[in-house]
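Visitor: There's a structure below that I have some questions on.
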Amino acid sequence: MTAGLLLHNAWANAPPVSIAGVLVWIVMRSRREPLWAEAYRRLGRSKRALGAIFVLSLCGGIVFLDSLSWQGSRVEEPKTVVDRLFDRPFERTYSEPMGSATVGEVTPHRLLGKHVFGTDSVGKDVFYKVLKGFRTAFAIGGLACLVAVPIAVTLGLSAGYFGGVIDDVVQYTYTVFGSIPDILLIVALVLMLGQGLSSICLAMGLTSWVGLCRLVRGETLKHRDREYVRSARALGASHGRILVVHILPNLLPVIIISVTLLFSGLALYETILAYLGVGVGSNFGSWGNMIDSARDELTRDPSVWWNLAFSSGALLVMVLSLNVLADALRDAIDPRLRTE
Amino acid sequence: MSPVLKVENLRKEFRARGGLLKSSPPHVAVHDVSFEVEQGQTLALVGESGSGKSTVALMALGLLQPTSGRVLFQGRSLISIRWRERLALRRNIQVVFQDPYGSLNARMTVRETLTEGMIIHGIGASATDRDARARELLADVNMPAEALDRYPHEFSGGQRQRVAIARALSVEPTFMVLDEPTSALDVSVQSQVLNLLRKLQREHGLSFLFITHNLAVVEYMADFVCVMKEGRIVERGNVEKIFDAPAHEYTRRLLRSIPSTDPDARRLDSRIARSWS
Amino acid sequence: MIEPVLDVRDLRTYLKTPRGTAWAVDGVSFTLASGKTRALVGESGCGKSMVALSIVQLLPEPAGFVDSGQVLLEGNDLLDLTWNEMRAHRGRDLAMIFQEPMTSLNPVFTIGNQVAEAVAAHGGSKSHARRRALELLERVGIEAPERVHGQYPHELSGGMRQRAMIAMALANRPKVLIADEPTTALDVTVQAQILALIREIQDEMGMAVLLITHDLGVVAEMADDVSVMYAGHVVESGPVRAIFHHPQHPYTRDLLESLPSRQSRGRDLAVIEGVVPGATDWPTGCRYASRCRFRVDACEASGPPMIARDAAEVRCIRVDAIAQSEATR
């Protein structure tokens, strides 16, 4: 590998590594604060929470490994760690999990390799597809949140803090957005913007900020008239300072819990979109596509169930862990349990 | 000598957020309140719930816009002046609230709480300098320096109130509004805080607007008293006059209601058991 | 001597907390005579509210337990009773009113409904309950009982709500009324009315009142006997005049001296240095020793017993020495 290629590979891997690094740093730093230190301690005592965190760490690990990629030489496609570890030779067509021959053909052929979860219609290893699906799910959830959260927080803070006309405008806006069924809006946006990962994330982000915005507005209203905010204003703090230094940190717990739930909801949405045909497109490994293919596959003879089963299983595991974590976080953070 | 704080004809109306239907008439919390506080003095604003005293305090601090009337601090109006001037004026009037649990940001250390005002107003040349000032402030309120790295929930109510007082002092004010500063504290802690306030008043030449419903504290701390009822000042005067020769019926009723601390001189009698509230 | 209607003997109550066992009430004894008022006075954390909750057995679950002692209501130990047996006493012989009427009243039922419910809890028809409810509302000084009968708690002022609570408490002519900070949340003029009302009703019904408060003024106005509590113990107990005019325990003295008044104008108030020890680790020896001006080594060695002096009882081994030094001042 030449030096230029090395540099190119390092550059390509910088984003995932730095994101992971930032997340770890945030968690480490937050331990100082009494609210989080107490919350972590409580989480550590709950078996359910630890289980959920473990599972999510595994998922996160898979995503991370699937984000580190490099090219062996200029002409090769960059391949990720997951690719290198789990990719298998293509078979001719379907095969059952742990099967030894293809199914659904007039004459079954012997398999070239071991496929724990079976293969799909083009002979691709299902286990491999499931693993690749993690990254898609996380990407969609993560990027869509990245769009939705800033919108929700900015609008919610402004509406709650400044009140008056701003509050009215924000409320009318989210009432309108909230009354249109999300799916319709997302589909319309995706068709407008063209299919693809980025347009889906954008569309989802633009439609799912409503719930969080309401929450942020409510919490801001609660805190706005608290005496510590009044004291800060008496000291001479500007509105911006109060919002960012005083109110926002107090909103973080509820934001985090909401985002956890939002994340899982968005990952679920992707499968619906795939079913409707406006998903990420078949060149991306995604659980949505796998589930979508079940439409035809289940009615085959013999019925091909493994595509559906394992992708839904992975989705279930991820969504369940996220929800359990959100619940546990809520209990851990509850300020009523603090020493007072 | 011109008074440090002068409020003239303050009026505050609150209207319910109007809907499409005709909204109800606005609620008048403060009718027509005027008073002055001289340098180095303590004016007590006395009243029960609904009297409007806390609303007046917020207007004096410039945290609430009066519907009409003016607040003049050292001769200058707090309202409708440019932000930079208002910031400079802000420094001079600080506040200590009643609830020692709610008035400190639970997520900020004591150091951050005490240095925030310094950062906003540019007091102290560097972080080290601000830190040193924060230590001095803590010493001024009889708190140990170790408190700097702690969070509010690690302290008792009385200690938190002292931190709140230190915060108010951090910007070197000349005037302090104290809104029921000891009402949420135990008696034995109250005396510590009152002693502290008197000491600070002497040492820093502060003027106080002291809002309370506790008449024993008024007798102890105040020079002048304004008695408020339902948004109006019903009686005013220096503290001896108010307590020895109250003129207004409401003042007399208030004084009659204070339980005495001498079992041989009981004041309550069954005539006041009949309801009028 | 007449039998006391309520006799609490060596009551011990603890709470299980994440930081260990907190002995909130650690050997408290007092008596309550019919028609008289005893005040349990102390600052936050002294255990006075826990005493009340222990008597009526409404300790916070699952953490609070009565460990030992006796609570004799006209000779019957309440602590021996089952839940159902205790229920028969609650509301009938033993009534309780709390500090925050807003949280003690159910916001979705009318006042009349709740008072009638209190009446009906111990028998009687619905129409009887309704009539009695109106009578009670009038008795507690509510001017328009018909109107208030149909109102909801949030429509009333604090004073009115507290009156409604008193009406509920009186529904079945209790022998003992336990009032836990009944006027702390009220304006001073309203407080005066409520206290006067309680006294009036007490005189009329011969009810015994256990008044729990931190306000020494309320104590002076209302009490016949006083028990001063600190850190789970009663540190001084006696008739109200003795307590106020000749306080003997250092804590009682310090407390009275730290009250602001016109007399102390211009001077510093007396201050009690230090803080109350945490309930999970009471110190051995006298619990006030760390803050006491008169402390000697022997004070911290073992917990002082109650010593009888001049019509009062004082939990202090230095009571005579202190009295002497004060006399020669």
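The chains in the structure tokens are called A, B, ... from first to last as shown; in each chain the residues are counted from 1, and the ligands are counted from 1 in the order shown.
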If you run DSSP on this backbone, which residues of region 105-265 of chain B come out as strand (DSSP E), and could you give them as number ranges by chain?
Guide: B: 175-179, 207-212, 224-229, 232-238
Visitor: Taking only C-alpha atoms into account, report as an mmCIF file with N, CA and C atoms, in the first residue's frame which residues of chain C lie within 12 Å of chain A.
Guide:
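After the write, out.cif holds the following:
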data_model
loop_
_atom_site.group_PDB
_atom_site.id
_atom_site.type_symbol
_atom_site.label_atom_id
_atom_site.label_comp_id
_atom_site.auth_asym_id
_atom_site.auth_seq_id
_atom_site.Cartn_x
_atom_site.Cartn_y
_atom_site.Cartn_z
ATOM 1 N N THR C 17 -33.301 4.052 54.704
ATOM 2 C CA THR C 17 -32.904 4.941 53.618
ATOM 3 C C THR C 17 -31.721 4.333 52.887
ATOM 4 N N PRO C 18 -31.442 4.814 51.667
ATOM 5 C CA PRO C 18 -30.281 4.274 50.941
ATOM 6 C C PRO C 18 -28.992 4.428 51.729
ATOM 7 N N ARG C 19 -28.979 5.397 52.659
ATOM 8 C CA ARG C 19 -27.748 5.613 53.398
ATOM 9 C C ARG C 19 -27.738 4.904 54.743
#
Visitor: Using only C-alpha atoms, which chain A residues lie at most 10 Å away from chain B, written as a short mmCIF file (atom, residue, chain, number, x, y, z; two decimals) with N, CA and C atoms, in the first residue's frame?
Guide:
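So the final result, stored in result_14.cif, reads:
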data_model
loop_
_atom_site.label_atom_id
_atom_site.label_comp_id
_atom_site.auth_asym_id
_atom_site.auth_seq_id
_atom_site.Cartn_x
_atom_site.Cartn_y
_atom_site.Cartn_z
N GLU A 33 -20.81 15.67 36.90
CA GLU A 33 -22.03 16.35 37.35
C GLU A 33 -22.86 15.44 38.24
N PRO A 34 -23.42 16.00 39.29
CA PRO A 34 -24.13 15.15 40.25
C PRO A 34 -25.30 14.42 39.62
N LEU A 35 -26.01 15.09 38.73
CA LEU A 35 -27.19 14.47 38.12
C LEU A 35 -26.79 13.21 37.38
N TRP A 36 -25.75 13.32 36.56
CA TRP A 36 -25.37 12.16 35.75
C TRP A 36 -24.67 11.10 36.58
N GLY A 164 -45.37 34.81 23.48
CA GLY A 164 -45.94 35.80 22.57
C GLY A 164 -46.09 35.29 21.15
N ARG A 226 -38.45 29.86 37.05
CA ARG A 226 -37.79 29.41 38.26
C ARG A 226 -36.88 30.50 38.79
N GLU A 227 -36.63 30.42 40.08
CA GLU A 227 -35.88 31.53 40.68
C GLU A 227 -34.42 31.55 40.26
N TYR A 228 -33.87 30.42 39.86
CA TYR A 228 -32.46 30.50 39.47
C TYR A 228 -32.32 31.23 38.14
N VAL A 229 -33.35 31.14 37.32
CA VAL A 229 -33.31 31.89 36.07
C VAL A 229 -33.48 33.38 36.35
N ARG A 230 -34.41 33.70 37.27
CA ARG A 230 -34.59 35.10 37.64
C ARG A 230 -33.31 35.68 38.21
N SER A 231 -32.65 34.87 39.06
CA SER A 231 -31.41 35.36 39.66
C SER A 231 -30.37 35.63 38.58
N ALA A 232 -30.31 34.75 37.59
CA ALA A 232 -29.34 34.96 36.52
C ALA A 232 -29.67 36.23 35.75
N ARG A 233 -30.94 36.45 35.51
CA ARG A 233 -31.31 37.69 34.81
C ARG A 233 -30.96 38.90 35.64
N ALA A 234 -31.17 38.78 36.95
CA ALA A 234 -30.81 39.91 37.82
C ALA A 234 -29.32 40.17 37.78
N LEU A 235 -28.53 39.12 37.63
CA LEU A 235 -27.10 39.30 37.52
C LEU A 235 -26.73 40.02 36.23
N GLY A 236 -27.62 39.95 35.26
CA GLY A 236 -27.35 40.63 34.00
C GLY A 236 -27.13 39.68 32.85
N ALA A 237 -27.46 38.41 33.04
CA ALA A 237 -27.24 37.46 31.96
C ALA A 237 -28.15 37.78 30.79
N SER A 238 -27.61 37.64 29.59
CA SER A 238 -28.42 37.88 28.39
C SER A 238 -29.33 36.67 28.16
N ARG A 241 -27.46 33.63 27.00
CA ARG A 241 -26.72 32.96 28.05
C ARG A 241 -27.65 32.11 28.92
N VAL A 245 -26.77 28.33 28.91
CA VAL A 245 -26.04 27.92 30.10
C VAL A 245 -26.96 27.40 31.19
N HIS A 246 -28.15 27.96 31.29
CA HIS A 246 -29.01 27.59 32.42
C HIS A 246 -30.12 26.63 32.04
N ILE A 247 -30.88 26.98 31.02
CA ILE A 247 -32.07 26.19 30.74
C ILE A 247 -31.74 24.92 29.98
N PRO A 249 -29.08 22.91 29.72
CA PRO A 249 -28.56 21.75 30.47
C PRO A 249 -29.61 21.08 31.31
N ASN A 250 -30.58 21.84 31.79
CA ASN A 250 -31.62 21.22 32.59
C ASN A 250 -32.62 20.46 31.74
N ARG A 338 -33.67 12.46 44.07
CA ARG A 338 -32.41 13.03 44.51
C ARG A 338 -32.47 13.45 45.96
N THR A 339 -31.29 13.62 46.56
CA THR A 339 -31.27 13.98 47.98
C THR A 339 -31.70 15.42 48.18
N GLU A 340 -32.85 15.59 48.77
CA GLU A 340 -33.25 16.97 49.04
C GLU A 340 -34.14 17.01 50.24
#
Visitor: Kindly determine which residues of chain C lie within 9 Å of chain B, considering only C-alpha atoms, and give the answer as a PyMOL selection string.
Guide: chain C and resi 43-44+140-143+157-160+186-200+214-223+240-241+244-245+254-256+258-273+275
Visitor: Would you mind reading off the distance between CA of Arg236 (chain B) and CA of Gly205 (chain B), one decimal, in Å?
Guide: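 Atom-to-atom, CA of Arg236 (chain B) to CA of Gly205 (chain B), that is 23.6 Å.
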Visitor: Need the shell around Pro60 (chain C): protein/DNA/RNA residues with any atom at most 12 Å away, counting only C-alpha atoms. Skip same-chain ones fewer than 2 positions apart. Format as a ChimeraX atom specification?
Guide: /C:13-17,49-50,52-54,56-58,62-66
Visitor: Write out, as a compact mmCIF listing (two decimals), in the first residue's frame, the residues just selected, with N, CA and C atoms.
Guide:
# COMPACT_ATOMS: atom_id res chain seq x y z
N THR C 13 -39.10 4.88 66.23
CA THR C 13 -39.48 4.67 64.83
C THR C 13 -38.27 4.86 63.95
N TYR C 14 -38.12 3.99 62.98
CA TYR C 14 -36.98 4.18 62.08
C TYR C 14 -37.42 4.15 60.63
N LEU C 15 -36.56 4.70 59.79
CA LEU C 15 -36.80 4.72 58.35
C LEU C 15 -35.62 4.04 57.67
N LYS C 16 -35.94 3.25 56.66
CA LYS C 16 -34.85 2.64 55.90
C LYS C 16 -34.52 3.56 54.73
N THR C 17 -33.30 4.05 54.70
CA THR C 17 -32.90 4.94 53.62
C THR C 17 -31.72 4.33 52.89
N SER C 49 -42.78 15.20 63.05
CA SER C 49 -43.84 14.70 62.18
C SER C 49 -43.90 13.18 62.21
N MET C 50 -42.73 12.56 62.34
CA MET C 50 -42.70 11.09 62.41
C MET C 50 -43.43 10.59 63.64
N ALA C 52 -46.07 11.92 64.96
CA ALA C 52 -47.50 11.96 64.63
C ALA C 52 -47.88 10.80 63.73
N LEU C 53 -47.07 10.57 62.69
CA LEU C 53 -47.39 9.49 61.76
C LEU C 53 -47.30 8.13 62.44
N SER C 54 -46.41 8.01 63.40
CA SER C 54 -46.32 6.74 64.13
C SER C 54 -47.56 6.50 64.96
N VAL C 56 -50.66 7.53 64.40
CA VAL C 56 -51.80 7.12 63.58
C VAL C 56 -51.44 6.00 62.63
N GLN C 57 -50.19 5.59 62.67
CA GLN C 57 -49.71 4.48 61.86
C GLN C 57 -49.90 4.73 60.38
N LEU C 58 -49.46 5.89 59.97
CA LEU C 58 -49.48 6.22 58.54
C LEU C 58 -48.07 6.53 58.08
N PRO C 62 -42.55 1.84 51.68
CA PRO C 62 -42.30 0.71 52.57
C PRO C 62 -41.19 0.97 53.57
N ALA C 63 -40.80 2.25 53.71
CA ALA C 63 -39.57 2.48 54.46
C ALA C 63 -39.72 2.68 55.96
N GLY C 64 -40.92 3.07 56.42
CA GLY C 64 -41.01 3.48 57.82
C GLY C 64 -41.57 2.39 58.73
N PHE C 65 -40.95 2.21 59.88
CA PHE C 65 -41.42 1.18 60.82
C PHE C 65 -41.38 1.70 62.25
N VAL C 66 -42.39 1.33 63.01
CA VAL C 66 -42.32 1.57 64.45
C VAL C 66 -41.60 0.38 65.05
Visitor: Do you have the CA of Gln195 (chain A)-CA of Leu155 (chain A) distance handy?
Guide: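 Value for the CA of Gln195 (chain A)-CA of Leu155 (chain A) distance: 28.1 Å.
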Visitor: Using DSSP secondary structure from the backbone, list all helix (DSSP H, G or I) positions within region 102-162 of chain B, as a PyMOL selection string.
Guide: chain B and resi 110-121+127-140+145-149+152-154+157-162
Visitor: Please report the interatomic distance between CA of Asp120 (chain A) and CA of Glu105 (chain A) in Å with one decimal.
Guide: 12.9 Å
Visitor: List as an MDAnalysis selection string the protein and nucleic acid residues near region 117-132 of chain C, meaning an atom at most 8 Å away when only C-alpha atoms are counted, but skip any in the same chain fewer than 6 places from it.
Guide: chainID C and resid 88 91:92 168:169 171:172
Visitor: Give me a file of those residues, with N, CA and C atoms, as a compact mmCIF listing (two decimals), in the first residue's frame.
Guide:
# COMPACT_ATOMS: atom_id res chain seq x y z
N ALA C 88 -60.67 1.66 62.67
CA ALA C 88 -61.86 2.04 63.44
C ALA C 88 -61.56 3.23 64.33
N GLY C 91 -60.01 8.69 62.61
CA GLY C 91 -61.19 9.44 62.19
C GLY C 91 -62.25 9.47 63.26
N ARG C 92 -62.27 8.45 64.12
CA ARG C 92 -63.30 8.49 65.15
C ARG C 92 -62.75 9.02 66.46
N MET C 168 -63.53 17.98 58.34
CA MET C 168 -63.42 16.53 58.14
C MET C 168 -62.88 15.84 59.38
N ALA C 169 -61.92 16.50 60.02
CA ALA C 169 -61.32 15.89 61.20
C ALA C 169 -62.33 15.79 62.34
N ALA C 171 -65.49 15.43 62.15
CA ALA C 171 -66.75 14.79 61.76
C ALA C 171 -67.29 13.84 62.81
N ASN C 172 -66.41 13.13 63.46
CA ASN C 172 -66.91 12.13 64.40
C ASN C 172 -66.50 12.41 65.83
Visitor: Within 10 Å of His89 (chain C), counting only C-alpha atoms, which residues show up once you throw out same-chain ones fewer than 5 positions away? Write them as a VMD selection string, please.
Guide: chain C and resid 56 73 78 81 84 94 to 95 122 174
Visitor: I'd like the contact shell of Gly35 (chain C) - 6 Å cut-off, only C-alpha atoms, skipping same-chain residues fewer than 5 positions apart - returned as a short mmCIF file (atom, residue, chain, number, x, y, z; two decimals) with C-alpha atoms, in the first residue's frame.
Guide:
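Result file is part34.cif:
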data_model
loop_
_atom_site.label_atom_id
_atom_site.label_comp_id
_atom_site.auth_asym_id
_atom_site.auth_seq_id
_atom_site.Cartn_x
_atom_site.Cartn_y
_atom_site.Cartn_z
CA GLY C 206 -63.16 18.76 75.45
CA MET C 207 -60.83 17.50 72.76
CA ALA C 208 -57.13 16.88 73.39
#
Visitor: If you count only C-alpha atoms, which residues fall within 9 Å of Gln70 (chain C), apart from same-chain ones fewer than 5 positions away, as a PyMOL selection string?
Guide: chain C and resi 7-11+77-80
Visitor: Since we have the selection now, will you write its residues out, keeping C-alpha atoms, as a PDB file, in the first residue's frame?
Guide:
ATOM      1  CA  ASP C   7     -49.930   8.236  76.569  1.00  0.00           C
ATOM      2  CA  VAL C   8     -46.883   7.720  74.402  1.00  0.00           C
ATOM      3  CA  ARG C   9     -44.138   5.676  76.045  1.00  0.00           C
ATOM      4  CA  ASP C  10     -40.620   5.311  74.700  1.00  0.00           C
ATOM      5  CA  LEU C  11     -41.663   5.378  71.052  1.00  0.00           C
ATOM      6  CA  ASP C  77     -52.078   0.200  72.875  1.00  0.00           C
ATOM      7  CA  LEU C  78     -52.619   1.323  69.282  1.00  0.00           C
ATOM      8  CA  LEU C  79     -49.427  -0.350  68.166  1.00  0.00           C
ATOM      9  CA  ASP C  80     -50.905  -3.740  68.997  1.00  0.00           C
TER      10      ASP C  80
END
Visitor: Compare A:Gly44, A:Gly218, A:Gly4, A:Gly211 by their minimum atom-to-atom distance to Ala328 (chain A), counting only C-alpha atoms, and give me the closest one.
Guide: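 For Ala328 (chain A), the nearest of the candidates is A:Gly44.
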